[in-house]
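Have a look at input32.txt; it's compact mmCIF, N, CA, C and O atoms:
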```txt
# COMPACT_ATOMS: atom_id res chain seq x y z
N LEU A 13 12.14 0.17 10.07
CA LEU A 13 12.20 -1.04 9.26
C LEU A 13 10.86 -1.29 8.57
O LEU A 13 10.83 -1.74 7.43
N GLY A 14 9.77 -1.00 9.28
CA GLY A 14 8.45 -1.17 8.66
C GLY A 14 8.27 -0.24 7.48
O GLY A 14 7.72 -0.63 6.44
N PHE A 15 8.74 0.98 7.61
CA PHE A 15 8.66 1.95 6.51
C PHE A 15 9.45 1.44 5.31
O PHE A 15 8.97 1.51 4.17
N LEU A 16 10.64 0.92 5.56
CA LEU A 16 11.46 0.41 4.46
C LEU A 16 10.81 -0.80 3.80
O LEU A 16 10.83 -0.92 2.57
N ALA A 17 10.24 -1.68 4.59
CA ALA A 17 9.56 -2.85 4.02
C ALA A 17 8.38 -2.40 3.16
O ALA A 17 8.15 -2.96 2.08
N ARG A 18 7.67 -1.39 3.61
CA ARG A 18 6.55 -0.85 2.83
C ARG A 18 7.06 -0.28 1.50
O ARG A 18 6.48 -0.52 0.46
N ARG A 19 8.14 0.48 1.55
CA ARG A 19 8.70 1.07 0.33
C ARG A 19 9.16 -0.01 -0.66
O ARG A 19 9.13 0.21 -1.86
N ARG A 20 9.57 -1.15 -0.12
CA ARG A 20 10.02 -2.25 -0.98
C ARG A 20 8.85 -3.09 -1.48
O ARG A 20 9.04 -4.01 -2.26
N GLY A 21 7.64 -2.79 -1.00
CA GLY A 21 6.46 -3.51 -1.44
C GLY A 21 6.12 -4.74 -0.63
O GLY A 21 5.20 -5.47 -0.97
N ASP A 22 6.85 -4.98 0.46
CA ASP A 22 6.58 -6.14 1.32
C ASP A 22 5.62 -5.70 2.42
O ASP A 22 6.01 -5.45 3.55
N LEU A 23 4.34 -5.64 2.06
CA LEU A 23 3.34 -5.10 2.98
C LEU A 23 3.09 -5.99 4.19
O LEU A 23 2.83 -5.49 5.28
N ALA A 24 3.19 -7.29 4.02
CA ALA A 24 3.00 -8.19 5.16
C ALA A 24 4.09 -7.96 6.21
O ALA A 24 3.81 -7.85 7.41
N ARG A 25 5.32 -7.85 5.76
CA ARG A 25 6.44 -7.58 6.68
C ARG A 25 6.32 -6.17 7.26
O ARG A 25 6.57 -5.96 8.44
N ALA A 26 5.93 -5.23 6.44
CA ALA A 26 5.76 -3.85 6.92
C ALA A 26 4.72 -3.80 8.02
O ALA A 26 4.90 -3.10 9.03
N ASP A 27 3.64 -4.55 7.87
CA ASP A 27 2.58 -4.57 8.87
C ASP A 27 3.11 -5.08 10.21
O ASP A 27 2.90 -4.46 11.25
N VAL A 28 3.83 -6.19 10.18
CA VAL A 28 4.37 -6.79 11.40
C VAL A 28 5.37 -5.84 12.07
O VAL A 28 5.29 -5.59 13.28
N LEU A 29 6.30 -5.33 11.30
CA LEU A 29 7.34 -4.46 11.86
C LEU A 29 6.77 -3.15 12.39
O LEU A 29 7.20 -2.65 13.43
N THR A 30 5.79 -2.61 11.70
CA THR A 30 5.20 -1.35 12.13
C THR A 30 4.36 -1.54 13.39
O THR A 30 4.37 -0.70 14.29
N GLU A 31 3.65 -2.65 13.48
CA GLU A 31 2.91 -2.98 14.71
C GLU A 31 3.88 -3.08 15.89
O GLU A 31 3.60 -2.56 16.98
N GLU A 32 5.01 -3.75 15.69
CA GLU A 32 6.01 -3.89 16.75
C GLU A 32 6.57 -2.53 17.16
O GLU A 32 6.75 -2.26 18.36
N ALA A 33 6.84 -1.69 16.18
CA ALA A 33 7.38 -0.36 16.48
C ALA A 33 6.38 0.48 17.26
O ALA A 33 6.74 1.20 18.20
N LEU A 34 5.10 0.38 16.89
CA LEU A 34 4.07 1.12 17.60
C LEU A 34 3.97 0.66 19.05
O LEU A 34 3.93 1.48 19.97
N ALA A 35 3.96 -0.64 19.25
CA ALA A 35 3.89 -1.17 20.61
C ALA A 35 5.10 -0.73 21.44
O ALA A 35 4.95 -0.35 22.61
N CYS A 36 6.27 -0.75 20.85
CA CYS A 36 7.49 -0.34 21.55
C CYS A 36 7.43 1.14 21.91
O CYS A 36 7.74 1.52 23.04
N SER A 37 7.03 1.98 20.98
CA SER A 37 6.95 3.43 21.24
C SER A 37 5.94 3.73 22.35
O SER A 37 6.19 4.57 23.20
N GLU A 38 4.82 3.03 22.32
CA GLU A 38 3.81 3.24 23.36
C GLU A 38 4.32 2.75 24.71
O GLU A 38 4.09 3.38 25.74
N ARG A 39 5.03 1.64 24.70
CA ARG A 39 5.54 1.07 25.95
C ARG A 39 6.54 2.00 26.62
O ARG A 39 6.54 2.16 27.84
N ILE A 40 7.38 2.67 25.84
CA ILE A 40 8.38 3.54 26.44
C ILE A 40 7.87 4.98 26.61
O ILE A 40 8.57 5.83 27.14
N GLY A 41 6.64 5.22 26.14
CA GLY A 41 6.05 6.53 26.33
C GLY A 41 6.50 7.60 25.34
O GLY A 41 6.39 8.78 25.63
N ASN A 42 6.97 7.18 24.17
CA ASN A 42 7.40 8.14 23.16
C ASN A 42 6.20 8.45 22.27
O ASN A 42 5.99 7.83 21.24
N GLU A 43 5.43 9.43 22.68
CA GLU A 43 4.17 9.73 21.99
C GLU A 43 4.39 10.29 20.60
O GLU A 43 3.60 10.01 19.70
N TRP A 44 5.45 11.07 20.39
CA TRP A 44 5.68 11.59 19.04
C TRP A 44 5.92 10.43 18.07
O TRP A 44 5.30 10.37 17.01
N SER A 45 6.80 9.51 18.43
CA SER A 45 7.06 8.36 17.56
C SER A 45 5.80 7.52 17.38
O SER A 45 5.50 7.09 16.27
N ALA A 46 5.07 7.31 18.45
CA ALA A 46 3.86 6.50 18.37
C ALA A 46 2.85 7.13 17.42
O ALA A 46 2.21 6.42 16.63
N SER A 47 2.72 8.45 17.46
CA SER A 47 1.76 9.10 16.57
C SER A 47 2.19 8.96 15.12
O SER A 47 1.36 8.72 14.23
N MET A 48 3.48 9.10 14.84
CA MET A 48 3.98 8.95 13.48
C MET A 48 3.83 7.50 12.99
O MET A 48 3.43 7.26 11.86
N ILE A 49 4.16 6.57 13.85
CA ILE A 49 4.08 5.15 13.48
C ILE A 49 2.64 4.74 13.25
O ILE A 49 2.34 3.96 12.34
N CYS A 50 1.73 5.29 14.03
CA CYS A 50 0.30 5.01 13.85
C CYS A 50 -0.13 5.43 12.44
O CYS A 50 -0.85 4.70 11.75
N GLY A 51 0.32 6.59 12.01
CA GLY A 51 0.02 7.04 10.65
C GLY A 51 0.65 6.15 9.59
O GLY A 51 0.03 5.85 8.56
N ASN A 52 1.87 5.70 9.83
CA ASN A 52 2.53 4.78 8.89
C ASN A 52 1.79 3.46 8.81
O ASN A 52 1.62 2.89 7.73
N LEU A 53 1.33 2.97 9.96
CA LEU A 53 0.58 1.71 9.97
C LEU A 53 -0.73 1.88 9.21
O LEU A 53 -1.16 0.97 8.49
N ALA A 54 -1.36 3.04 9.34
CA ALA A 54 -2.58 3.31 8.58
C ALA A 54 -2.31 3.22 7.08
O ALA A 54 -3.11 2.66 6.33
N SER A 55 -1.18 3.76 6.66
CA SER A 55 -0.82 3.71 5.24
C SER A 55 -0.58 2.28 4.77
O SER A 55 -0.99 1.91 3.66
N VAL A 56 0.04 1.48 5.60
CA VAL A 56 0.24 0.07 5.27
C VAL A 56 -1.10 -0.62 5.08
O VAL A 56 -1.33 -1.32 4.08
N ARG A 57 -2.00 -0.39 6.03
CA ARG A 57 -3.32 -1.03 5.95
C ARG A 57 -4.08 -0.56 4.71
O ARG A 57 -4.75 -1.35 4.05
N ARG A 58 -3.95 0.72 4.38
CA ARG A 58 -4.61 1.24 3.17
C ARG A 58 -4.06 0.52 1.94
O ARG A 58 -4.82 0.09 1.08
N GLU A 59 -2.76 0.38 1.87
CA GLU A 59 -2.15 -0.27 0.71
C GLU A 59 -2.47 -1.76 0.65
O GLU A 59 -2.46 -2.36 -0.42
N GLN A 60 -2.78 -2.35 1.81
CA GLN A 60 -3.19 -3.75 1.84
C GLN A 60 -4.66 -3.91 1.43
O GLN A 60 -5.13 -5.02 1.28
N GLY A 61 -5.37 -2.79 1.30
CA GLY A 61 -6.78 -2.84 0.94
C GLY A 61 -7.71 -2.90 2.14
O GLY A 61 -8.92 -3.05 1.98
N ASP A 62 -7.17 -2.76 3.34
CA ASP A 62 -7.97 -2.77 4.57
C ASP A 62 -8.40 -1.32 4.88
O ASP A 62 -7.83 -0.68 5.76
N LEU A 63 -9.39 -0.83 4.13
CA LEU A 63 -9.79 0.56 4.30
C LEU A 63 -10.40 0.85 5.67
O LEU A 63 -10.07 1.88 6.27
N PRO A 64 -11.26 -0.02 6.23
CA PRO A 64 -11.76 0.26 7.58
C PRO A 64 -10.64 0.33 8.62
O PRO A 64 -10.63 1.20 9.49
N GLY A 65 -9.67 -0.56 8.51
CA GLY A 65 -8.52 -0.55 9.43
C GLY A 65 -7.68 0.70 9.25
O GLY A 65 -7.22 1.31 10.22
N ALA A 66 -7.48 1.10 8.00
CA ALA A 66 -6.71 2.31 7.72
C ALA A 66 -7.41 3.54 8.27
O ALA A 66 -6.77 4.39 8.91
N ILE A 67 -8.70 3.64 8.04
CA ILE A 67 -9.45 4.80 8.53
C ILE A 67 -9.37 4.89 10.05
O ILE A 67 -9.13 5.97 10.60
N ALA A 68 -9.54 3.76 10.72
CA ALA A 68 -9.48 3.75 12.19
C ALA A 68 -8.11 4.24 12.68
O ALA A 68 -8.03 5.03 13.63
N LEU A 69 -7.05 3.79 12.03
CA LEU A 69 -5.71 4.20 12.44
C LEU A 69 -5.43 5.67 12.10
O LEU A 69 -4.81 6.38 12.89
N TYR A 70 -5.88 6.12 10.94
CA TYR A 70 -5.73 7.54 10.61
C TYR A 70 -6.46 8.40 11.64
O TYR A 70 -5.94 9.42 12.10
N LEU A 71 -7.67 8.00 11.99
CA LEU A 71 -8.44 8.77 12.98
C LEU A 71 -7.79 8.73 14.36
O LEU A 71 -7.91 9.68 15.13
N GLU A 72 -7.11 7.65 14.68
CA GLU A 72 -6.35 7.56 15.93
C GLU A 72 -5.11 8.46 15.87
O GLU A 72 -4.74 9.10 16.86
N ALA A 73 -4.48 8.50 14.72
CA ALA A 73 -3.24 9.28 14.57
C ALA A 73 -3.49 10.79 14.60
O ALA A 73 -2.65 11.54 15.11
N LEU A 74 -4.62 11.24 14.07
CA LEU A 74 -4.88 12.69 13.98
C LEU A 74 -4.75 13.42 15.31
O LEU A 74 -3.96 14.36 15.41
N PRO A 75 -5.48 13.03 16.34
CA PRO A 75 -5.35 13.77 17.60
C PRO A 75 -3.98 13.58 18.26
O PRO A 75 -3.49 14.47 18.95
N ARG A 76 -3.37 12.43 18.03
CA ARG A 76 -2.05 12.18 18.62
C ARG A 76 -1.03 13.13 18.02
O ARG A 76 -0.21 13.71 18.74
N ILE A 77 -1.05 13.29 16.71
CA ILE A 77 -0.10 14.19 16.05
C ILE A 77 -0.42 15.64 16.37
O ILE A 77 0.49 16.44 16.62
N LEU A 78 -1.69 15.98 16.40
CA LEU A 78 -2.08 17.35 16.74
C LEU A 78 -1.62 17.71 18.15
O LEU A 78 -1.15 18.82 18.39
N ALA A 79 -1.70 16.76 19.07
CA ALA A 79 -1.25 17.01 20.45
C ALA A 79 0.24 17.29 20.52
O ALA A 79 0.71 17.97 21.44
N GLN A 80 0.98 16.82 19.53
CA GLN A 80 2.42 17.06 19.47
C GLN A 80 2.74 18.40 18.80
O GLN A 80 3.89 18.82 18.75
N GLY A 81 1.70 19.05 18.26
CA GLY A 81 1.91 20.31 17.57
C GLY A 81 2.57 20.15 16.21
O GLY A 81 3.14 21.08 15.67
N ASP A 82 2.47 18.98 15.65
CA ASP A 82 3.14 18.65 14.38
C ASP A 82 2.17 18.87 13.22
O ASP A 82 1.53 17.94 12.74
N ARG A 83 2.06 20.11 12.78
CA ARG A 83 1.09 20.46 11.74
C ARG A 83 1.43 19.86 10.38
O ARG A 83 0.55 19.49 9.62
N ARG A 84 2.70 19.75 10.08
CA ARG A 84 3.10 19.19 8.79
C ARG A 84 2.66 17.74 8.66
O ARG A 84 2.05 17.34 7.67
N ASN A 85 2.95 16.94 9.66
CA ASN A 85 2.55 15.53 9.59
C ASN A 85 1.06 15.36 9.80
O ASN A 85 0.47 14.40 9.33
N PHE A 86 0.43 16.31 10.50
CA PHE A 86 -1.02 16.30 10.63
C PHE A 86 -1.65 16.41 9.24
O PHE A 86 -2.58 15.67 8.91
N ALA A 87 -1.10 17.29 8.42
CA ALA A 87 -1.59 17.44 7.05
C ALA A 87 -1.40 16.15 6.24
O ALA A 87 -2.25 15.78 5.45
N GLY A 88 -0.28 15.48 6.47
CA GLY A 88 -0.03 14.21 5.79
C GLY A 88 -1.04 13.15 6.18
O GLY A 88 -1.49 12.37 5.33
N ILE A 89 -1.41 13.12 7.44
CA ILE A 89 -2.42 12.15 7.90
C ILE A 89 -3.78 12.49 7.28
O ILE A 89 -4.51 11.60 6.85
N LEU A 90 -4.11 13.78 7.23
CA LEU A 90 -5.37 14.17 6.57
C LEU A 90 -5.38 13.74 5.11
O LEU A 90 -6.39 13.27 4.61
N ALA A 91 -4.26 13.91 4.44
CA ALA A 91 -4.16 13.50 3.04
C ALA A 91 -4.35 12.01 2.90
O ALA A 91 -5.05 11.54 1.99
N GLY A 92 -3.76 11.23 3.79
CA GLY A 92 -3.94 9.78 3.76
C GLY A 92 -5.37 9.39 4.01
O GLY A 92 -5.92 8.50 3.36
N LEU A 93 -6.00 10.08 4.92
CA LEU A 93 -7.40 9.80 5.24
C LEU A 93 -8.30 10.13 4.05
O LEU A 93 -9.25 9.41 3.77
N ALA A 94 -7.97 11.22 3.35
CA ALA A 94 -8.77 11.62 2.18
C ALA A 94 -8.66 10.55 1.09
O ALA A 94 -9.57 10.28 0.39
```
Kindly transcribe the structure held in the file into structure tokens.
Amino acid sequence: LGFLARRRGDLARADVLTEEALACSERIGNEWSASMICGNLASVRREQGDLPGAIALYLEALPRILAQGDRRNFAGILAGLA
């Protein structure tokens, strides 16, 4: 839902929904989802103009995604960070 809100341009809603999704994924121990959601939240923050927040989240997402062996999405996080 956060991704869809972001695509629709509702960044405030995207931020709230993506934060909730990240907390839920972490709570249930779904590290793959948490790593992906962390990257999505970084993109939301970047689009909101919160570059320090976005950088912190991208840097958090990198090792999480790499630990999952997900090279394709790892490249996407690097691109977002760049």
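Rounded to one decimal, CA of Ile89 in chain A and atom O of Ala24 in chain A lie 21.0 Å from each other.
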| Which is closer to Arg25 in chain A than all the others in A:Ala46, A:Ala68, A:Arg57, A:Arg39, using only C-alpha atoms? | A:Arg57
| request: Between CA of Tyr70 in chain A and CA of Gly51 in chain A, measure the distance and give it in Å to one decimal. | output: 5.8 Å
| request: Quick one: pick out all alpha helix (DSSP H) residues within chain A from a backbone DSSP run and write them as JSON, numbers by chain. | output: {"A": [14, 15, 16, 17, 18, 19, 23, 24, 25, 26, 27, 28, 29, 30, 31, 32, 33, 34, 35, 36, 37, 38, 39, 40, 43, 44, 45, 46, 47, 48, 49, 50, 51, 52, 53, 54, 55, 56, 57, 58, 59, 63, 64, 65, 66, 67, 68, 69, 70, 71, 72, 73, 74, 75, 76, 77, 78, 79, 83, 84, 85, 86, 87, 88, 89, 90, 91, 92, 93]}
| Between CA of Leu53 in chain A and atom O of Asp27 in chain A, distance in Å (one decimal) |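 The value is 6.7 Å.
Proximity ranking of A:Leu13, A:Leu90, A:Leu23, A:Cys36 relative to Leu74 in chain A places A:Leu90 first, based on all atoms listed in the file.
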| task | Might you pull out every residue within 8 Å of Ser47 in chain A, with only N, CA, C and O atoms counted and same-chain residues fewer than 5 positions away left off, and present them as a list in words? | result |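 The residues satisfying every condition are Leu34, Ser37, Glu38, Asn42, Asn52, Leu53, Ala54, Leu69, Tyr70, Glu72, Ala73, Leu74, Pro75, Arg76, Ile77, Leu78 and Asn85 of chain A.
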| query | Using only N, CA, C and O atoms, which of A:Ala87, A:Asp22, A:Ala17, A:Gly92 sits nearest Ser55 in chain A? | reply |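 For Ser55 in chain A, the nearest of the candidates is A:Gly92.
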Please return the centre and edge lengths, in Å to one decimal, of a box with edges along x, y and z that contains all listed atoms of range 68-81 of chain A, widened by 4 Å on every side, as JSON.
```
{"center_x": -2.8, "center_y": 12.4, "center_z": 16.0, "size_x": 21.4, "size_y": 25.3, "size_z": 18.8}
```
